[in-house]
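Taking it in order: structure first as structure tokens, then the write-up.
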Amino acid sequence: MLYIAIIIPLLIAWWVASDAKKRGYSQAAIVSWFLGVWLVLIIFLPLYFILRPNSTILRPKPTGQTNAIEGTYVCPYCGNLYREKVPFCPYCGRGLEEDGS
């Protein structure tokens, strides 16, 4: 039973740390949220959900930019270059919206 009381908060803290990393928190903040959620789950998990920024704030709007080299595109979410026009970014996996053309 003690293992369950350690492993479940550990998994939830791992998710919080990965979510904080995706939202652009610093490494120190990620470690702090991880330790806080793991050790005092009942306080830090609701606090994280209240204080974290909305994902729509950090997500840039898709622009369909092309690079100077014709046929090379820039992912508007992660900034990586890719060569073919694809529905999903090959690096971050996010959907790439069409401009309607």
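Lettering and numbering for the structure tokens are positional, with chains as A, B, ... in the shown order, residues counted from 1 in each chain, and ligands counted from 1 in the shown order.
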>> Give me the residues near A:Gly71 as a PyMOL selection string, where near means some atom within 8 Å (using only C-alpha atoms) and where sequence neighbours in that chain fewer than 6 positions away do not count.
In response: chain A and resi 83-85
With C-alpha atoms retained, could you export that selection as a PDB file, in the first residue's frame?
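For reference, out-v2.pdb as written:
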ATOM      1  CA  ARG A  83      10.691  20.237 -46.433  1.00  0.00           C
ATOM      2  CA  GLU A  84       7.300  18.925 -47.488  1.00  0.00           C
ATOM      3  CA  LYS A  85       3.883  20.417 -46.900  1.00  0.00           C
TER       4      LYS A  85
END
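Distance check against A:Trp38 using only C-alpha atoms: of A:Trp15, A:Leu51, A:Pro9, A:Tyr25, the minimum falls on A:Pro9.
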>> With distances taken over only C-alpha atoms, which residue among A:Val40, A:Ile4, A:Ala17, A:Cys92 lies nearest A:Asn80?
In response: A:Cys92
I want to know what sits within 8 Å of A:Arg94, based on only C-alpha atoms, with residues of the same chain fewer than 4 positions away left out; could you give that as a compact mmCIF listing (two decimals) with N, CA and C atoms, in the first residue's frame?
# COMPACT_ATOMS: atom_id res chain seq x y z
N TYR A 77 4.74 26.30 -34.31
CA TYR A 77 4.69 25.93 -32.90
C TYR A 77 6.07 25.69 -32.31
N PHE A 88 0.81 17.47 -40.29
CA PHE A 88 1.31 17.51 -38.92
C PHE A 88 2.81 17.77 -38.95
N CYS A 89 3.30 18.51 -37.96
CA CYS A 89 4.74 18.78 -37.85
C CYS A 89 5.47 17.47 -37.55
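With atom CA of A:Val31 on one side and atom CA of A:Leu11 on the other, the separation reads 14.0 Å.
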> Which value, in Å to one decimal, gives the distance between atom CA of A:Ala13 and atom CA of A:Trp33?
Replying inline: 7.5 Å
> Could you pull out the strand (DSSP E or B) residues of chain A from DSSP and send them as a list in words?
Replying inline: Thr66, Tyr73, Val74, Leu81, Tyr82, Phe88 and Gly95 of chain A
> Could you pull out all residues of chain A with a DSSP call of alpha helix (DSSP H) and give them as a ChimeraX atom specification?
Replying inline: /A:2-22,27-39,41-51,55-58
Any chance you could export the current selection's C-alpha atoms as a compact mmCIF listing (two decimals), in the first residue's frame?
# COMPACT_ATOMS: atom_id res chain seq x y z
CA LEU A 2 2.90 2.33 0.70
CA TYR A 3 4.16 1.82 -2.85
CA ILE A 4 0.85 3.05 -4.26
CA ALA A 5 1.01 6.13 -2.03
CA ILE A 6 4.45 6.91 -3.50
CA ILE A 7 4.03 5.87 -7.14
CA ILE A 8 0.71 7.59 -7.96
CA PRO A 9 1.85 11.05 -6.74
CA LEU A 10 5.16 10.45 -8.52
CA LEU A 11 3.36 9.82 -11.83
CA ILE A 12 1.15 12.88 -11.36
CA ALA A 13 4.21 14.99 -10.52
CA TRP A 14 5.95 13.67 -13.65
CA TRP A 15 2.97 14.80 -15.75
CA VAL A 16 2.98 18.24 -14.09
CA ALA A 17 6.70 18.62 -14.80
CA SER A 18 6.28 17.68 -18.46
CA ASP A 19 3.30 20.03 -18.79
CA ALA A 20 5.28 22.85 -17.17
CA LYS A 21 8.12 22.22 -19.62
CA LYS A 22 5.72 22.45 -22.57
CA GLN A 27 14.17 24.38 -15.17
CA ALA A 28 14.07 25.52 -11.54
CA ALA A 29 10.31 26.06 -11.71
CA ILE A 30 9.82 22.63 -13.29
CA VAL A 31 11.79 20.95 -10.50
CA SER A 32 9.92 22.97 -7.87
CA TRP A 33 6.51 21.99 -9.28
CA PHE A 34 7.62 18.35 -9.52
CA LEU A 35 8.78 18.20 -5.90
CA GLY A 36 5.81 20.18 -4.62
CA VAL A 37 3.24 18.00 -6.37
CA TRP A 38 5.03 14.80 -5.42
CA LEU A 39 5.44 15.65 -1.73
CA LEU A 41 -0.08 16.66 -3.82
CA ILE A 42 -3.29 17.94 -2.23
CA ILE A 43 -1.99 21.54 -2.15
CA PHE A 44 0.35 21.87 -5.13
CA LEU A 45 -1.73 20.14 -7.82
CA PRO A 46 -4.74 22.50 -7.52
CA LEU A 47 -2.32 25.40 -7.17
CA TYR A 48 -0.59 24.39 -10.41
CA PHE A 49 -3.90 24.21 -12.27
CA ILE A 50 -4.86 27.67 -11.00
CA LEU A 51 -1.51 29.36 -11.72
CA SER A 55 -2.12 26.94 -23.61
CA THR A 56 -3.72 29.40 -26.02
CA ILE A 57 -1.59 32.21 -24.62
CA LEU A 58 1.71 30.52 -25.44
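Taking atom CA of A:Tyr91 and atom CA of A:Ser26 as endpoints, the distance between them is 21.5 Å.
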